[in-house]
There are 2 protein chains.
Amino acid sequence: MYNLSDTIVALSTPQGEGAIAVIRLSGKNAISICDTIFSSKNLKDQSSHTAHFGMIRDEKNNIIDEVVITIFKNPKSYTGEDICEISCHGSSYIIQQILQLLIRKGARTAQAGEFTLRAFMNGKMDLSQAEAVADLIASESSSSHTVAMNQMRGGISNEIQHLRQELIDFAALIELELDFGEEDVEFADREKLKNLILKINHYIQQLKDSFRLGNAIKQGINTVIAGRPNAGKSTLLNTLLNEERAIVSDIAGTTRDTIEETLNINGVTFRFIDTAGIREASDTIEAIGVEKAYDSIRKSTILIYVYDRTQLNSDHVWNDIQKLKHEGLFIILIGNKTDAFFNLSDARITELTQGQRGQDRNMDWSTIEKQYPIINISANSGENIETLKEVLYKTVLHKKIDLNATIISNSRHYDALHGAYESLSQALENLKAGISGDFIAMDIRHALQYLGEITGEISSDDLLESIFSRFCIGK
Amino acid sequence: MYNLSDTIVALSTPQGEGAIAVIRLSGKNAISICDTIFSSKNLKDQSSHTAHFGMIRDEKNNIIDEVVITIFKNPKSYTGEDICEISCHGSSYIIQQILQLLIRKGARTAQAGEFTLRAFMNGKMDLSQAEAVADLIASESSSSHTVAMNQMRGGISNEIQHLRQELIDFAALIELELDFGEEDVEFADREKLKNLILKINHYIQQLKDSFRLGNAIKQGINTVIAGRPNAGKSTLLNTLLNEERAIVSDIAGTTRDTIEETLNINGVTFRFIDTAGIREASDTIEAIGVEKAYDSIRKSTILIYVYDRTQLNSDHVWNDIQKLKHEGLFIILIGNKTDAFFNLSDARITELTQGQRGQDRNMDWSTIEKQYPIINISANSGENIETLKEVLYKTVLHKKIDLNATIISNSRHYDALHGAYESLSQALENLKAGISGDFIAMDIRHALQYLGEITGEISSDDLLESIFSRFCIGK
């Protein structure tokens, strides 16, 4: 599908007017094609990693632009091939003229991700590293950046390679047994193999577990704000977002890429799910139904349940939460309207707060607080909003993120790990049942195949296409 | 106003996600600042025009990105100072992290155009060349590109320098006379001076004349389509534009910058003025008034007058044009609805076409055609649209554009040339009137000042600010 023998060209910087644009060529004719349009010097005679100022002229000798061409000679380049980077003036007209000229001279327009595909094909990086390049470019927060950077620098690859190697060694012994056929020798120590599989599966399970978090970091952590009408959910969201927006707007160029209702706290992105259905979740609790609202909560990592302290007592809150909770959902309770609350009569305050479990209440506040953090705020005045942010951030930290550990953030990797896990579990059962070596060998081969897919040691054109077509042009 | 001693930094590629982004530093600490964040190599020890792959790390030793840094050492750089260009992954997050890191390390955010300002200050280019950089980036057609490129490569500067030098030599002789005061010597040959001033003013006039065209090329050539209601003006415009749009859409990235109702013919941009008032110009002819419509026509270079061949005879057309024409306006007559015309009865066709001047008509077609090109088209079927395009293009060529000649396209230059012209005319009059040398010397000094403003030999902070603030950041 991909022709790797020709020379590809693309604009590698974003579209639009700017001071500089960079056009990149890669392939065996990259330098000689540039030489035909660069009138100032013979690029072929220059060493790798050098930059050359000069003029690009078309076939009629008209000057298209004054440029700097930097050359990188294979294998010391991004793709592992000869690369020329043409840094020209950032004018759409000039960019088009240079691209068209290069195509007339024999280059071909690169497909999305084709430079990185070539880097993969030429062994400059494995598949999971290549995928991390796209993640890195798309990363919007320091945590997603760190996860992508670790992956690009081979974090996952090294682990997977290591696991594969151990399995391959054992698989070889088992295959050897099979070669001896009837002779009933056992080169592979069954007990050692069991332990190895247990060890590997334990590790794979850890990686699988990291996916929920890794995916949340990459996509942002889905956070639902729910509560009865007029609990102050919108005010809370606005207070959270407005403060943050002021910070974001100091940084030029980030705003256009941020999504409405995304909040970055200490480098972690929280993505607020803002469906009316959810916002009015307590309504829907009463009404029962509105499956979609529940569905959103089910897909979320955090639920911020907001209640009006001047209206609800501990039983109301407890009952609402029982209807909303599910396994894996981290719930934070927000007692809003603290300012108004303290203007209530003493009798009313007592009524709302002092209920005793087993007597007038099913649940008292202190029992609830043992299970869920309760933060009393005023969304209006901003009181305690910082505490809420801290708790949100710690919710992620509680899950013991070591951002420098290997974290799976790619669902393709998750699926492959899952497949490897299942195959190894099968192998383990077969081992325990004393089933013959050829079945075990097959299970292990399957596991090896799954693990190989992650790093791309095993890949197909379809897989490559589905991965690289998601890249931007020029990468 | 501009501090030239510190090191400036900016993103030089357009905002937005892309494969690559380039961050540029310029100044005496550019290389040493980069060295503090680049962990792979000592950049100070590297030669100019070399590219270095490595990692950027922040103060906590976290990897921000894998980058290529290209260094250009003064004076062999765009600004004439030390320059580092950091080519990083095109992620907004990474760009912001690197910019902020560099600022913490002592760089300052560059103002718009500040790199080019420094190039000017350090004598890498003069002011008219610097201005051409911005024009070059903004150019949308091959003609505006050619004009900007010639200017950037010093076309205007060389001419102006040459004129100034000749004047300076003469001015020196006159000033010498003044030094001798009472002695009544004449070092400067009055006759030669007259001839020189005449020669220079003749040349300045040529440059001034080129401005109308140069400005039209830069801004696009204002073209009004006028005619009575239902003459087919909109259909014509759509037919012209639709064909062109199909071509434009083949070229990625140009569309977003093109303006509605702009037509590029063979590299020349025609900018259609599309006010209802103008479109219905013949109505306004009848009604008289609608000053705005006439104003638009007055500012235009070309008028396309469309008439319905099945309705108007030569007198109607002639009378309309008399009301619309003005000096310098190039008029093209478009006889529309040719297909319907030939379905008319012979008698009606005769009536519309065969009128004889001096008998039943004030004007016959053949007399009109001697003054204005007439093209019979069918806007509906597209018949003869190509001929119209050719005539539009030749209208520009008729004005004898040699795009490689020096063409003034900047109104600041025009104003300065005008000032120089007036001063020299004054000098000439004073010479003829035998007025004493000190007045003549003053006139010549004024002229020199005006000419010096074009190339920036004479400049002020205000002037520089007004020029460079129009640049994009990072250039």
# chains A, B, ... in the order shown; residues from 1 in each chain; ligands from 1

$ closest_atom_pairs --of "chain A" --to "chain B" --cutoff "6 Å" --atoms "only C-alpha atoms" --output "CSV"
residue,atom,partner,partner_atom,distance
A:Ser12,CA,B:Ala19,CA,5.2
A:Thr13,CA,B:Ile20,CA,5.1
A:Pro14,CA,B:Gly18,CA,4.8
A:Gln15,CA,B:Gly253,CA,5.9
A:Gly18,CA,B:Pro14,CA,4.8
A:Ala19,CA,B:Lys475,CA,4.6
A:Ile20,CA,B:Thr13,CA,5.1
A:Ala21,CA,B:Thr13,CA,6.0
A:His49,CA,B:Ala51,CA,4.8
A:Thr50,CA,B:Thr50,CA,4.4
A:Ala51,CA,B:His49,CA,4.8
A:Gly90,CA,B:Ile137,CA,5.8
A:Ser91,CA,B:Ile137,CA,4.4
A:Ser92,CA,B:Thr254,CA,5.8
A:Tyr93,CA,B:Glu140,CA,5.4
A:Ile137,CA,B:Ser91,CA,4.4
A:Glu140,CA,B:Tyr93,CA,5.4
A:Gly253,CA,B:Gln15,CA,6.0
A:Thr254,CA,B:Ser92,CA,5.8
A:Gly474,CA,B:Ala19,CA,5.8
A:Lys475,CA,B:Ala19,CA,4.6

$ residues_around --residues "A:Lys370" --least-positions-apart "5" --cutoff "12 Å" --atoms "only C-alpha atoms" --output "compact mmCIF listing (two decimals) with C-alpha atoms, in the first residue's frame"
# COMPACT_ATOMS: atom_id res chain seq x y z
CA ILE A 332 -17.17 14.09 45.80
CA LEU A 333 -19.99 15.76 47.73
CA MET A 363 -27.80 8.10 57.64
CA ASP A 364 -26.00 10.86 59.49
CA TRP A 365 -23.38 13.22 58.02

$ closest_residue --among "B:Ala10, B:Ala148, B:Leu198, B:Ala119" --to "B:Ala132" --atoms "only C-alpha atoms"
B:Ala148

$ select_by_dssp --residues "stretch 53-241 of chain A" --states "helix (DSSP H, G or I)" --output "number ranges by chain"
A: 92-104, 114-121, 127-138, 142-152, 155-179, 181-183, 190-219, 233-241

$ residues_around --residues "A:Leu352" --least-positions-apart "2" --cutoff "8 Å" --atoms "only C-alpha atoms" --output "VMD selection string"
chain A and resid 309 to 314 348 to 350 354 to 355

$ closest_residue --among "A:Arg228, A:Arg470, A:Arg361, A:His202" --to "A:Tyr421" --atoms "only C-alpha atoms"
A:His202

$ residues_around --residues "B:Leu25" --least-positions-apart "5" --cutoff "8 Å" --atoms "only C-alpha atoms" --output "list in words"
Thr7, Ile8, Val9, Ala10, Ala30, Ile83, Cys84, Glu85 and Ala107 of chain B

$ atom_distance --atom1 "atom CA of A:Glu465" --atom2 "atom CA of A:Glu453"
14.0 Å

$ atom_distance --atom1 "atom CA of A:Phe270" --atom2 "atom CA of A:Ser411"
19.4 Å

$ residues_around --residues "A:Lys44" --least-positions-apart "3" --cutoff "9 Å" --atoms "only C-alpha atoms" --output "list in words"
Ile31, Ser32, Asp35, Lys41 and Ser47 of chain A
